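So the structure is just underneath, and the comments pick up after that.
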Protein chains: 2
Amino acid sequence: MDTAKPDTTSRILDVSERLFVEHGFEGTSLRMITQQAGVNLAAVNYHFGSKDALFEAVFLRRLAPLINACLSELDTLETQPEPSVEGLVMSFIRPCLMLSKDPSRGGAIFVRLLSRTLVENHRVLRETLSQQYSLFVERYSAAFQRVLPDLDAEERAWRMHFSFSVMFNAFAGNDVLKIFTRSQVVSARDPDMIVKHLLPYVVSALVAPARI
Amino acid sequence: MDTAKPDTTSRILDVSERLFVEHGFEGTSLRMITQQAGVNLAAVNYHFGSKDALFEAVFLRRLAPLINACLSELDTLETQPEPSVEGLVMSFIRPCLMLSKDPSRGGAIFVRLLSRTLVENHRVLRETLSQQYSLFVERYSAAFQRVLPDLDAEERAWRMHFSFSVMFNAFAGNDVLKIFTRSQVVSARDPDMIVKHLLPYVVSALVAPARI
DNA sequence: GTAAGTTTCAAACGTGTGTTCTAAACGCGC
DNA sequence: GCGCGTTTAGAACACACGTTTGAAACTTAC
């Protein structure tokens, strides 16, 4: 057999990631996971300890690489003498784009999981991970201050807030308007297409002159 | 006793709305609802038929007024000879703002519920409600075409898409960056404050000249 | 080959779920 | 006061949940 299947732990993680984003934490049962992964029901509790710990493990596997990619983008950005707003925006978009196009790292699924878990306000994101990656927002705050020095701190914080919101939800595929239309009008789900329109949108909003 | 409590049906709806947004559909049990509402467990199935039907009822109570408020805003907008982008954006923001400040209509809770149910991709939003309010997106598409005639259709669709995304998530309180920081830096949760910064952000992004 | 350590397996545990049932209580026209 | 449709009450249903157990199967080292 050519398709040598990976070990139990990885199979559980892969299937969990997909099912958690599809049905949420509460809506995904260990029986669904173990059945689709082709492993015994007790395997989850054996390898991870509990359903909660499994959920956390699913996150830890993907989040650290994504964060580190962003931080190293910021590193190279800071070496430049005159960093642009566009460059700063791309420093977040590029890692998301990489992730979206790499199926071996979960593809676009993980961003959707992050988004879903965010609105579900799950304990893992509130307690376990929040303090662990506070560096992320500190670094980006400093970077925004550098490229948008003319804005006062409050206005800059709001624009940064809105920008991450629209970028994050674009990659997560959260199409608000799909509530009302059966067919996905615009979100062709092609990551490159998203960026092509997302980047100018965010940059335009960021560089607009401040209201007096 | 002065605090004459409303009838069983309303109490169930009020409590359900709050619990569904807090714990999600799967995470909210009928026992939680009926207990907090002070009604018998069987009351939900008697008055609504099933948990699914209750969820749908929670939506129908709030969604129609919100949509209709937006549509009537569009009506008055169309009477004006030269509608502005700002006016169009406000035609969506104003009803959201009204809703957010009116506790008797659920306050900001319902927008959060809408947001949560959207990412949960629940059947109710996918099947029951999508076709019912397709007029909403048609009307807004037409309005965007009127105020932004110089953009080609594709670019306009994307900008509209992004704009609804950032507006919707702002009112829903979906703070992406709160994953990484324990304290809510910016989202002071004051609806007027949100609009003060949200409106210029969206308008700037919408009116930016198209790339060649 | 055998022993020790690791992983898998089927079965069961206790608890909580949505839903249903039947009887009791209520509201109201007459 | 009586009768009838509506609502509420507690109890029970069958089922699914996360977790635990103890034995079987496998892997590794000597």
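A note on labels: chains of the structure tokens are A, B, ... as shown, every chain counts residues from 1, and ligands are counted from 1 in their shown order.
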Per residue of chain D within 8 Å of chain A, note the shortest atom pair and the distance in Å to one decimal, counting only C-alpha atoms (C1' of nucleotides), and order the rows by chain and increasing residue number, as a Markdown table.
| residue | atom | partner | partner_atom | distance |
| --- | --- | --- | --- | --- |
| D:DC17 | C1' | A:Ser29 | CA | 7.4 |
| D:DG18 | C1' | A:Lys51 | CA | 7.6 |
| D:DT19 | C1' | A:Asn45 | CA | 7.6 |
Could you list, with a cut-off of 9 Å and counting only C-alpha atoms (C1' of nucleotides), the residues of chain A near chain C, each shown with its nearest atom pair and the distance in Å rounded to one decimal, rows sorted by chain and ascending number, as a tab-separated table?
residue	atom	partner	partner_atom	distance
A:Val39	CA	C:DT8	C1'	8.5
A:Asn40	CA	C:DC9	C1'	6.9
A:Ala42	CA	C:DC9	C1'	8.6
A:Ala43	CA	C:DT8	C1'	7.8
A:Tyr46	CA	C:DT7	C1'	9.0
Store the residues of this selection in a file with N, CA, C and O atoms, as a PDB file, in the first residue's frame.
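The resulting part.pdb:
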ATOM      1  N   VAL A  39      -9.781   5.440  14.193  1.00  0.00           N
ATOM      2  CA  VAL A  39      -9.097   4.998  15.404  1.00  0.00           C
ATOM      3  C   VAL A  39     -10.135   4.679  16.472  1.00  0.00           C
ATOM      4  O   VAL A  39     -11.315   5.010  16.334  1.00  0.00           O
ATOM      5  N   ASN A  40      -9.680   4.052  17.519  1.00  0.00           N
ATOM      6  CA  ASN A  40     -10.598   3.658  18.591  1.00  0.00           C
ATOM      7  C   ASN A  40     -11.050   4.885  19.384  1.00  0.00           C
ATOM      8  O   ASN A  40     -10.339   5.890  19.493  1.00  0.00           O
ATOM      9  N   ALA A  42     -11.286   5.371  22.500  1.00  0.00           N
ATOM     10  CA  ALA A  42     -10.467   5.705  23.669  1.00  0.00           C
ATOM     11  C   ALA A  42      -9.146   6.367  23.306  1.00  0.00           C
ATOM     12  O   ALA A  42      -8.433   6.862  24.188  1.00  0.00           O
ATOM     13  N   ALA A  43      -8.834   6.391  22.012  1.00  0.00           N
ATOM     14  CA  ALA A  43      -7.525   6.904  21.593  1.00  0.00           C
ATOM     15  C   ALA A  43      -7.350   8.373  21.955  1.00  0.00           C
ATOM     16  O   ALA A  43      -6.245   8.804  22.317  1.00  0.00           O
ATOM     17  N   TYR A  46      -6.528   8.662  25.521  1.00  0.00           N
ATOM     18  CA  TYR A  46      -5.215   8.082  25.780  1.00  0.00           C
ATOM     19  C   TYR A  46      -4.101   9.033  25.350  1.00  0.00           C
ATOM     20  O   TYR A  46      -3.164   9.296  26.099  1.00  0.00           O
TER      21      TYR A  46
END
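Of the listed residues B:Ser130, B:Ser72, B:Thr34, B:Gln145, the one whose atoms come nearest to chain A is B:Ser130, with distances taken using only C-alpha atoms.
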Would you give me, as JSON lines, each residue of chain B having an atom within 6 Å of an atom of chain A, along with its shortest atom pair and that distance in Å to one decimal, using only C-alpha atoms and sorting by chain and residue number?
{"residue": "B:Glu26", "atom": "CA", "partner": "A:Gly27", "partner_atom": "CA", "distance": 5.8}
{"residue": "B:Gly27", "atom": "CA", "partner": "A:Glu26", "partner_atom": "CA", "distance": 5.8}
{"residue": "B:Arg116", "atom": "CA", "partner": "A:Val119", "partner_atom": "CA", "distance": 6.0}
{"residue": "B:Val119", "atom": "CA", "partner": "A:Arg116", "partner_atom": "CA", "distance": 5.9}
{"residue": "B:Ser130", "atom": "CA", "partner": "A:Phe180", "partner_atom": "CA", "distance": 4.2}
{"residue": "B:Tyr133", "atom": "CA", "partner": "A:Phe180", "partner_atom": "CA", "distance": 5.3}
{"residue": "B:Ser134", "atom": "CA", "partner": "A:Phe180", "partner_atom": "CA", "distance": 4.7}
{"residue": "B:Ser165", "atom": "CA", "partner": "A:Val176", "partner_atom": "CA", "distance": 6.0}
{"residue": "B:Val166", "atom": "CA", "partner": "A:Val166", "partner_atom": "CA", "distance": 5.2}
{"residue": "B:Val176", "atom": "CA", "partner": "A:Ser165", "partner_atom": "CA", "distance": 6.0}
{"residue": "B:Ile179", "atom": "CA", "partner": "A:Ser130", "partner_atom": "CA", "distance": 5.2}
{"residue": "B:Phe180", "atom": "CA", "partner": "A:Ser130", "partner_atom": "CA", "distance": 4.3}
{"residue": "B:Thr181", "atom": "CA", "partner": "A:Ser134", "partner_atom": "CA", "distance": 5.3}
{"residue": "B:Tyr201", "atom": "CA", "partner": "A:Ala205", "partner_atom": "CA", "distance": 5.2}
{"residue": "B:Ser204", "atom": "CA", "partner": "A:Ala205", "partner_atom": "CA", "distance": 5.1}
{"residue": "B:Ala205", "atom": "CA", "partner": "A:Ala205", "partner_atom": "CA", "distance": 4.5}
| request: Just list the residues in chain A DSSP gives helix (DSSP H, G or I) on the backbone, as a count of residues only. | output: 158
Neighbouring residues of Gly87 of chain A were defined as those with any atom within 12 Å, considering only C-alpha atoms (C1' of nucleotides); residues of the same chain fewer than 5 positions away were excluded. Please report them as an mmCIF file with all heavy atoms, in the first residue's frame.
data_model
loop_
_atom_site.group_PDB
_atom_site.id
_atom_site.type_symbol
_atom_site.label_atom_id
_atom_site.label_comp_id
_atom_site.auth_asym_id
_atom_site.auth_seq_id
_atom_site.Cartn_x
_atom_site.Cartn_y
_atom_site.Cartn_z
ATOM 1 N N GLU A 73 8.205 38.450 9.658
ATOM 2 C CA GLU A 73 7.899 39.469 8.648
ATOM 3 C C GLU A 73 8.134 40.859 9.227
ATOM 4 O O GLU A 73 8.679 41.744 8.564
ATOM 5 C CB GLU A 73 6.435 39.340 8.196
ATOM 6 C CG GLU A 73 6.134 38.110 7.360
ATOM 7 C CD GLU A 73 6.366 38.353 5.882
ATOM 8 O OE1 GLU A 73 6.498 39.527 5.495
ATOM 9 O OE2 GLU A 73 6.438 37.371 5.125
ATOM 10 N N LEU A 74 7.719 41.048 10.459
ATOM 11 C CA LEU A 74 7.922 42.340 11.113
ATOM 12 C C LEU A 74 9.407 42.621 11.304
ATOM 13 O O LEU A 74 9.850 43.764 11.198
ATOM 14 C CB LEU A 74 7.194 42.369 12.458
ATOM 15 C CG LEU A 74 5.673 42.538 12.412
ATOM 16 C CD1 LEU A 74 5.085 42.563 13.815
ATOM 17 C CD2 LEU A 74 5.305 43.826 11.672
ATOM 18 N N ASP A 75 10.151 41.558 11.590
ATOM 19 C CA ASP A 75 11.602 41.721 11.757
ATOM 20 C C ASP A 75 12.239 42.296 10.499
ATOM 21 O O ASP A 75 12.957 43.297 10.552
ATOM 22 C CB ASP A 75 12.251 40.368 12.083
ATOM 23 C CG ASP A 75 11.947 39.926 13.505
ATOM 24 O OD1 ASP A 75 11.620 40.804 14.330
ATOM 25 O OD2 ASP A 75 12.039 38.716 13.778
ATOM 26 N N THR A 76 11.953 41.656 9.370
ATOM 27 C CA THR A 76 12.543 42.152 8.120
ATOM 28 C C THR A 76 12.023 43.536 7.776
ATOM 29 O O THR A 76 12.720 44.347 7.172
ATOM 30 C CB THR A 76 12.241 41.190 6.958
ATOM 31 O OG1 THR A 76 10.836 41.209 6.701
ATOM 32 C CG2 THR A 76 12.687 39.784 7.283
ATOM 33 N N LEU A 77 10.778 43.807 8.158
ATOM 34 C CA LEU A 77 10.205 45.123 7.874
ATOM 35 C C LEU A 77 10.956 46.210 8.628
ATOM 36 O O LEU A 77 11.133 47.331 8.130
ATOM 37 C CB LEU A 77 8.724 45.119 8.269
ATOM 38 C CG LEU A 77 7.849 46.182 7.603
ATOM 39 C CD1 LEU A 77 7.657 45.836 6.132
ATOM 40 C CD2 LEU A 77 6.506 46.299 8.296
ATOM 41 N N GLU A 78 11.382 45.884 9.833
ATOM 42 C CA GLU A 78 12.025 46.903 10.668
ATOM 43 C C GLU A 78 13.448 47.226 10.210
ATOM 44 O O GLU A 78 14.007 48.240 10.622
ATOM 45 C CB GLU A 78 12.039 46.450 12.134
ATOM 46 C CG GLU A 78 10.681 46.617 12.809
ATOM 47 C CD GLU A 78 10.670 46.028 14.192
ATOM 48 O OE1 GLU A 78 11.715 45.499 14.625
ATOM 49 O OE2 GLU A 78 9.623 46.088 14.853
ATOM 50 N N GLN A 80 14.071 47.849 7.157
ATOM 51 C CA GLN A 80 13.957 48.832 6.073
ATOM 52 C C GLN A 80 13.924 50.254 6.644
ATOM 53 O O GLN A 80 13.292 50.488 7.679
ATOM 54 C CB GLN A 80 12.694 48.566 5.256
ATOM 55 C CG GLN A 80 12.704 47.203 4.579
ATOM 56 C CD GLN A 80 11.424 46.914 3.847
ATOM 57 O OE1 GLN A 80 10.620 47.813 3.629
ATOM 58 N NE2 GLN A 80 11.229 45.656 3.469
ATOM 59 N N GLU A 82 12.448 52.993 5.338
ATOM 60 C CA GLU A 82 11.153 53.672 5.215
ATOM 61 C C GLU A 82 10.057 52.651 4.949
ATOM 62 O O GLU A 82 9.614 52.488 3.813
ATOM 63 C CB GLU A 82 11.207 54.683 4.068
ATOM 64 C CG GLU A 82 12.207 55.799 4.246
ATOM 65 C CD GLU A 82 11.511 57.137 4.543
ATOM 66 O OE1 GLU A 82 10.271 57.195 4.438
ATOM 67 O OE2 GLU A 82 12.225 58.098 4.877
ATOM 68 N N PHE A 92 1.137 40.834 7.452
ATOM 69 C CA PHE A 92 0.128 39.944 8.040
ATOM 70 C C PHE A 92 -0.530 39.076 6.974
ATOM 71 O O PHE A 92 -0.800 37.897 7.190
ATOM 72 C CB PHE A 92 -0.942 40.762 8.780
ATOM 73 C CG PHE A 92 -2.044 39.911 9.360
ATOM 74 C CD1 PHE A 92 -1.807 39.127 10.481
ATOM 75 C CD2 PHE A 92 -3.297 39.875 8.763
ATOM 76 C CE1 PHE A 92 -2.813 38.327 11.010
ATOM 77 C CE2 PHE A 92 -4.301 39.074 9.291
ATOM 78 C CZ PHE A 92 -4.056 38.306 10.415
ATOM 79 N N ILE A 93 -0.765 39.700 5.822
ATOM 80 C CA ILE A 93 -1.462 38.972 4.762
ATOM 81 C C ILE A 93 -0.626 37.809 4.243
ATOM 82 O O ILE A 93 -1.145 36.722 3.986
ATOM 83 C CB ILE A 93 -1.829 39.932 3.611
ATOM 84 C CG1 ILE A 93 -2.977 40.855 4.044
ATOM 85 C CG2 ILE A 93 -2.207 39.160 2.352
ATOM 86 C CD1 ILE A 93 -3.499 41.756 2.949
ATOM 87 N N ARG A 94 0.687 38.055 4.097
ATOM 88 C CA ARG A 94 1.537 37.037 3.482
ATOM 89 C C ARG A 94 1.532 35.719 4.253
ATOM 90 O O ARG A 94 1.326 34.661 3.640
ATOM 91 C CB ARG A 94 2.956 37.573 3.296
ATOM 92 C CG ARG A 94 3.675 36.948 2.116
ATOM 93 C CD ARG A 94 5.027 37.595 1.840
ATOM 94 N NE ARG A 94 4.925 38.935 1.305
ATOM 95 C CZ ARG A 94 5.443 40.015 1.897
ATOM 96 N NH1 ARG A 94 6.096 39.895 3.036
ATOM 97 N NH2 ARG A 94 5.306 41.203 1.351
ATOM 98 N N ALA A 143 4.617 48.783 15.065
ATOM 99 C CA ALA A 143 4.813 48.922 13.625
ATOM 100 C C ALA A 143 3.824 49.910 13.018
ATOM 101 O O ALA A 143 4.180 50.724 12.161
ATOM 102 C CB ALA A 143 4.681 47.564 12.951
ATOM 103 N N PHE A 144 2.586 49.835 13.474
ATOM 104 C CA PHE A 144 1.587 50.786 12.982
ATOM 105 C C PHE A 144 1.962 52.217 13.374
ATOM 106 O O PHE A 144 1.763 53.156 12.606
ATOM 107 C CB PHE A 144 0.192 50.426 13.522
ATOM 108 C CG PHE A 144 -0.577 49.494 12.639
ATOM 109 C CD1 PHE A 144 -0.457 48.117 12.772
ATOM 110 C CD2 PHE A 144 -1.416 49.990 11.648
ATOM 111 C CE1 PHE A 144 -1.160 47.255 11.958
ATOM 112 C CE2 PHE A 144 -2.125 49.132 10.823
ATOM 113 C CZ PHE A 144 -1.992 47.762 10.972
ATOM 114 N N ARG A 146 4.851 53.329 13.652
ATOM 115 C CA ARG A 146 5.978 53.756 12.828
ATOM 116 C C ARG A 146 5.532 54.215 11.439
ATOM 117 O O ARG A 146 6.034 55.216 10.922
ATOM 118 C CB ARG A 146 6.972 52.591 12.701
ATOM 119 C CG ARG A 146 8.262 52.953 11.998
ATOM 120 C CD ARG A 146 9.440 52.126 12.477
ATOM 121 N NE ARG A 146 10.653 52.422 11.713
ATOM 122 C CZ ARG A 146 11.213 51.538 10.876
ATOM 123 N NH1 ARG A 146 10.697 50.342 10.715
ATOM 124 N NH2 ARG A 146 12.315 51.881 10.218
ATOM 125 N N VAL A 147 4.586 53.473 10.857
ATOM 126 C CA VAL A 147 4.189 53.817 9.488
ATOM 127 C C VAL A 147 3.064 54.853 9.457
ATOM 128 O O VAL A 147 2.793 55.434 8.407
ATOM 129 C CB VAL A 147 3.750 52.572 8.684
ATOM 130 C CG1 VAL A 147 4.901 51.589 8.598
ATOM 131 C CG2 VAL A 147 2.527 51.932 9.304
ATOM 132 N N LEU A 199 -5.949 44.043 -0.128
ATOM 133 C CA LEU A 199 -4.817 44.928 0.171
ATOM 134 C C LEU A 199 -5.122 46.402 -0.124
ATOM 135 O O LEU A 199 -4.951 47.251 0.762
ATOM 136 C CB LEU A 199 -3.585 44.450 -0.601
ATOM 137 C CG LEU A 199 -2.316 45.291 -0.450
ATOM 138 C CD1 LEU A 199 -1.863 45.332 0.989
ATOM 139 C CD2 LEU A 199 -1.208 44.750 -1.346
ATOM 140 N N PRO A 200 -5.597 46.735 -1.335
ATOM 141 C CA PRO A 200 -5.903 48.150 -1.572
ATOM 142 C C PRO A 200 -6.989 48.690 -0.651
ATOM 143 O O PRO A 200 -6.925 49.849 -0.240
ATOM 144 C CB PRO A 200 -6.394 48.172 -3.034
ATOM 145 C CG PRO A 200 -6.159 46.844 -3.592
ATOM 146 C CD PRO A 200 -5.810 45.894 -2.515
ATOM 147 N N VAL A 202 -7.701 47.863 2.514
ATOM 148 C CA VAL A 202 -7.181 48.152 3.847
ATOM 149 C C VAL A 202 -6.212 49.333 3.820
ATOM 150 O O VAL A 202 -6.277 50.226 4.681
ATOM 151 C CB VAL A 202 -6.490 46.901 4.425
ATOM 152 C CG1 VAL A 202 -5.790 47.233 5.731
ATOM 153 C CG2 VAL A 202 -7.494 45.786 4.628
ATOM 154 N N VAL A 203 -5.348 49.347 2.809
ATOM 155 C CA VAL A 203 -4.370 50.436 2.733
ATOM 156 C C VAL A 203 -5.077 51.788 2.572
ATOM 157 O O VAL A 203 -4.720 52.769 3.236
ATOM 158 C CB VAL A 203 -3.376 50.191 1.573
ATOM 159 C CG1 VAL A 203 -2.512 51.420 1.348
ATOM 160 C CG2 VAL A 203 -2.503 48.987 1.879
#
| Arg62 of chain B environment, 10 Å, only C-alpha atoms (C1' of nucleotides), sequence neighbours closer than 4 positions dropped, as a list in words |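 Final neighbour list, sorted by chain and number: Ala57, Val58, Leu66, Ile67, Leu99, Arg105, Gly106, Phe110, Val111 and Leu114 of chain B.
From atom CA of Thr79 of chain A back to atom CA of Ser141 of chain A, the distance works out to 16.7 Å.
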